[in-house]
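Source file: work-v3.pdb (PDB, C-alpha atoms)
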ATOM      1  CA  MET A  38      28.410  15.924   9.550
ATOM      2  CA  SER A  39      29.480  19.548   9.669
ATOM      3  CA  SER A  40      33.101  18.632  10.398
ATOM      4  CA  ILE A  41      33.405  16.415   7.320
ATOM      5  CA  PRO A  42      34.120  18.372   4.110
ATOM      6  CA  LEU A  43      31.506  17.224   1.601
ATOM      7  CA  GLY A  44      31.706  20.086  -0.865
ATOM      8  CA  HIS A  45      31.960  18.674  -4.399
ATOM      9  CA  ALA A  46      31.497  15.111  -3.069
ATOM     10  CA  SER A  47      29.687  12.538  -5.188
ATOM     11  CA  LEU A  48      26.716  11.070  -3.332
ATOM     12  CA  ALA A  49      24.660  10.334  -6.447
ATOM     13  CA  LYS A  50      22.012   7.644  -5.918
ATOM     14  CA  ALA A  51      23.025   7.247  -2.263
ATOM     15  CA  ASP A  52      20.477   6.112   0.324
ATOM     16  CA  LEU A  53      20.688   8.947   2.854
ATOM     17  CA  ARG A  54      17.276   8.425   4.446
ATOM     18  CA  GLY A  55      17.286   9.494   8.082
ATOM     19  CA  ALA A  56      20.848  10.848   7.922
ATOM     20  CA  ASN A  57      21.912  13.915   9.911
ATOM     21  CA  PHE A  58      23.488  16.520   7.614
ATOM     22  CA  ARG A  59      22.721  19.461   9.904
ATOM     23  CA  GLU A  60      25.065  22.396   9.113
ATOM     24  CA  ALA A  61      26.921  20.226   6.534
ATOM     25  CA  ASN A  62      28.748  21.862   3.634
ATOM     26  CA  LEU A  63      27.385  20.147   0.509
ATOM     27  CA  SER A  64      28.150  23.024  -1.861
ATOM     28  CA  GLY A  65      28.781  21.797  -5.375
ATOM     29  CA  ALA A  66      28.122  18.167  -4.398
ATOM     30  CA  LEU A  67      26.630  15.656  -6.846
ATOM     31  CA  LEU A  68      23.433  14.544  -5.106
ATOM     32  CA  SER A  69      21.359  13.479  -8.105
ATOM     33  CA  GLY A  70      19.021  10.572  -7.486
ATOM     34  CA  ALA A  71      19.864  10.405  -3.765
ATOM     35  CA  ALA A  72      17.136   9.438  -1.281
ATOM     36  CA  TRP A  73      16.872  12.069   1.484
ATOM     37  CA  GLN A  74      13.568  11.147   3.136
ATOM     38  CA  GLN A  75      13.522  11.982   6.857
ATOM     39  CA  ALA A  76      17.059  13.451   6.624
ATOM     40  CA  ASN A  77      18.039  16.508   8.658
ATOM     41  CA  LEU A  78      19.409  19.196   6.333
ATOM     42  CA  GLN A  79      18.775  22.112   8.695
ATOM     43  CA  GLY A  80      21.376  24.790   8.033
ATOM     44  CA  ALA A  81      23.136  22.727   5.357
ATOM     45  CA  ASN A  82      24.847  24.567   2.510
ATOM     46  CA  LEU A  83      23.450  23.160  -0.769
ATOM     47  CA  SER A  84      24.622  25.987  -3.023
ATOM     48  CA  GLU A  85      25.440  24.789  -6.526
ATOM     49  CA  ALA A  86      24.665  21.169  -5.542
ATOM     50  CA  ASN A  87      23.116  18.953  -8.231
ATOM     51  CA  LEU A  88      19.797  17.722  -6.773
ATOM     52  CA  THR A  89      18.323  16.375 -10.023
ATOM     53  CA  ARG A  90      15.767  13.628  -9.249
ATOM     54  CA  ALA A  91      16.735  13.652  -5.554
ATOM     55  CA  GLY A  92      14.039  12.493  -3.139
ATOM     56  CA  LEU A  93      13.630  15.506  -0.886
ATOM     57  CA  THR A  94      10.227  14.769   0.633
ATOM     58  CA  SER A  95       9.621  14.657   4.379
ATOM     59  CA  LEU A  96      12.796  16.491   5.353
ATOM     60  CA  ILE A  97      13.375  17.440   8.979
TER      61      ILE A  97
END
Structure rendered as structure tokens:
Amino acid sequence: MSSIPLGHASLAKADLRGANFREANLSGALLSGAAWQQANLQGANLSEANLTRAGLTSLI
């Protein structure tokens, strides 16, 4: 996902379980309420992202 610009994207309430966001740029993205269980966020840029009520358990 690193080649797709996701900065300031709206992924609120999205089901992203098991997704590969390694090295992705998610800076400023709206990620509130998203399900991230078992997702790979290694090296992802989450600066200024809204992670309110996001399910961030069991990340890879």
Can you sort out the box for range 82-90 of chain A, edges along x, y and z, all listed atoms in, 4 Å on every side, with centre and edge lengths in Å to one decimal, as AutoDock Vina command-line options?
--center_x 20.6 --center_y 19.8 --center_z -3.8 --size_x 17.7 --size_y 20.4 --size_z 20.5
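Every protein, DNA or RNA residue with an atom at most 8 Å from Asp52 in chain A, where only C-alpha atoms count and chain neighbours fewer than 2 positions away do not, is listed here: Lys50, Arg54, Ala71, Ala72 and Trp73 of chain A.
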On this structure, the PyMOL selection byres ((chain A and resi 43) around 7) would catch which residues? List them as a list of chain:residue names, sorted by chain and number. A:Ile41, A:Pro42, A:Gly44, A:His45, A:Ala46, A:Asn62, A:Leu63, A:Ala66
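Counting all atoms listed in the file and comparing A:Phe58, A:Leu53, A:Gly65, A:Leu48, the residue that lies closest to Leu83 in chain A is A:Gly65.
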Pick out the closest residue to Ala86 in chain A from this set: A:Gly55, A:Glu60, A:Ser47, A:Gln74. Count only C-alpha atoms.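 The closest residue to Ala86 in chain A is A:Ser47.
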For the PyMOL selection byres ((chain A and resi 77) around 9), applied here, can you spell out every residue it catches as a PyMOL selection string? chain A and resi 55-59+73-76+78-81+96-97
State, in Å with one decimal place, the distance from CA of Ala51 in chain A to CA of Gly70 in chain A.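 Interatomic distance, CA of Ala51 in chain A to CA of Gly70 in chain A: 7.4 Å.
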Can I get range 58-69 of chain A with all heavy atoms filled in, as a compact mmCIF listing (two decimals), in the frame of the given file?
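Output file out-v1.txt follows:
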# COMPACT_ATOMS: atom_id res chain seq x y z
N PHE A 58 22.57 15.65 8.34
CA PHE A 58 23.49 16.52 7.61
C PHE A 58 23.32 17.96 8.08
O PHE A 58 23.56 18.89 7.34
CB PHE A 58 23.24 16.42 6.10
CG PHE A 58 23.84 15.20 5.49
CD1 PHE A 58 23.12 14.02 5.40
CD2 PHE A 58 25.13 15.22 5.01
CE1 PHE A 58 23.66 12.89 4.84
CE2 PHE A 58 25.69 14.09 4.43
CZ PHE A 58 24.96 12.92 4.35
N ARG A 59 22.92 18.13 9.34
CA ARG A 59 22.72 19.46 9.90
C ARG A 59 24.03 20.26 9.83
O ARG A 59 25.08 19.77 10.25
CB ARG A 59 22.26 19.34 11.36
CG ARG A 59 21.95 20.65 11.98
CD ARG A 59 21.49 20.50 13.41
NE ARG A 59 21.27 21.80 13.96
CZ ARG A 59 20.24 22.12 14.70
NH1 ARG A 59 19.36 21.22 15.02
NH2 ARG A 59 20.11 23.34 15.14
N GLU A 60 23.93 21.47 9.26
CA GLU A 60 25.06 22.40 9.11
C GLU A 60 26.17 21.86 8.18
O GLU A 60 27.27 22.39 8.16
CB GLU A 60 25.68 22.75 10.48
CG GLU A 60 24.71 23.34 11.47
CD GLU A 60 24.22 24.72 11.11
OE1 GLU A 60 24.98 25.48 10.49
OE2 GLU A 60 23.08 25.04 11.45
N ALA A 61 25.91 20.81 7.42
CA ALA A 61 26.92 20.23 6.53
C ALA A 61 27.17 21.12 5.33
O ALA A 61 26.27 21.81 4.85
CB ALA A 61 26.47 18.85 6.06
N ASN A 62 28.40 21.13 4.84
CA ASN A 62 28.75 21.86 3.63
C ASN A 62 28.67 20.90 2.46
O ASN A 62 29.57 20.08 2.26
CB ASN A 62 30.14 22.47 3.75
CG ASN A 62 30.52 23.23 2.50
OD1 ASN A 62 29.72 23.42 1.59
ND2 ASN A 62 31.76 23.66 2.44
N LEU A 63 27.59 20.99 1.68
CA LEU A 63 27.38 20.15 0.51
C LEU A 63 27.44 20.98 -0.77
O LEU A 63 26.91 20.58 -1.80
CB LEU A 63 26.03 19.43 0.61
CG LEU A 63 25.91 18.43 1.75
CD1 LEU A 63 24.46 18.10 2.03
CD2 LEU A 63 26.69 17.17 1.45
N SER A 64 28.10 22.13 -0.70
CA SER A 64 28.15 23.02 -1.86
C SER A 64 28.86 22.35 -3.02
O SER A 64 29.92 21.75 -2.86
CB SER A 64 28.85 24.33 -1.51
OG SER A 64 30.19 24.09 -1.12
N GLY A 65 28.21 22.38 -4.17
CA GLY A 65 28.78 21.80 -5.38
C GLY A 65 28.77 20.28 -5.42
O GLY A 65 29.30 19.67 -6.34
N ALA A 66 28.14 19.64 -4.45
CA ALA A 66 28.12 18.17 -4.40
C ALA A 66 27.18 17.58 -5.45
O ALA A 66 26.18 18.20 -5.84
CB ALA A 66 27.69 17.69 -3.02
N LEU A 67 27.48 16.39 -5.91
CA LEU A 67 26.63 15.66 -6.85
C LEU A 67 25.69 14.79 -6.02
O LEU A 67 26.11 13.79 -5.42
CB LEU A 67 27.48 14.79 -7.77
CG LEU A 67 26.72 13.92 -8.77
CD1 LEU A 67 25.84 14.78 -9.67
CD2 LEU A 67 27.69 13.11 -9.60
N LEU A 68 24.43 15.20 -5.95
CA LEU A 68 23.43 14.54 -5.11
C LEU A 68 22.26 14.01 -5.93
O LEU A 68 21.21 13.68 -5.39
CB LEU A 68 22.92 15.53 -4.06
CG LEU A 68 23.99 16.23 -3.23
CD1 LEU A 68 23.39 17.34 -2.39
CD2 LEU A 68 24.73 15.23 -2.35
N SER A 69 22.45 13.90 -7.23
CA SER A 69 21.36 13.48 -8.10
C SER A 69 20.91 12.06 -7.80
O SER A 69 21.72 11.16 -7.58
CB SER A 69 21.78 13.59 -9.57
OG SER A 69 22.90 12.79 -9.83
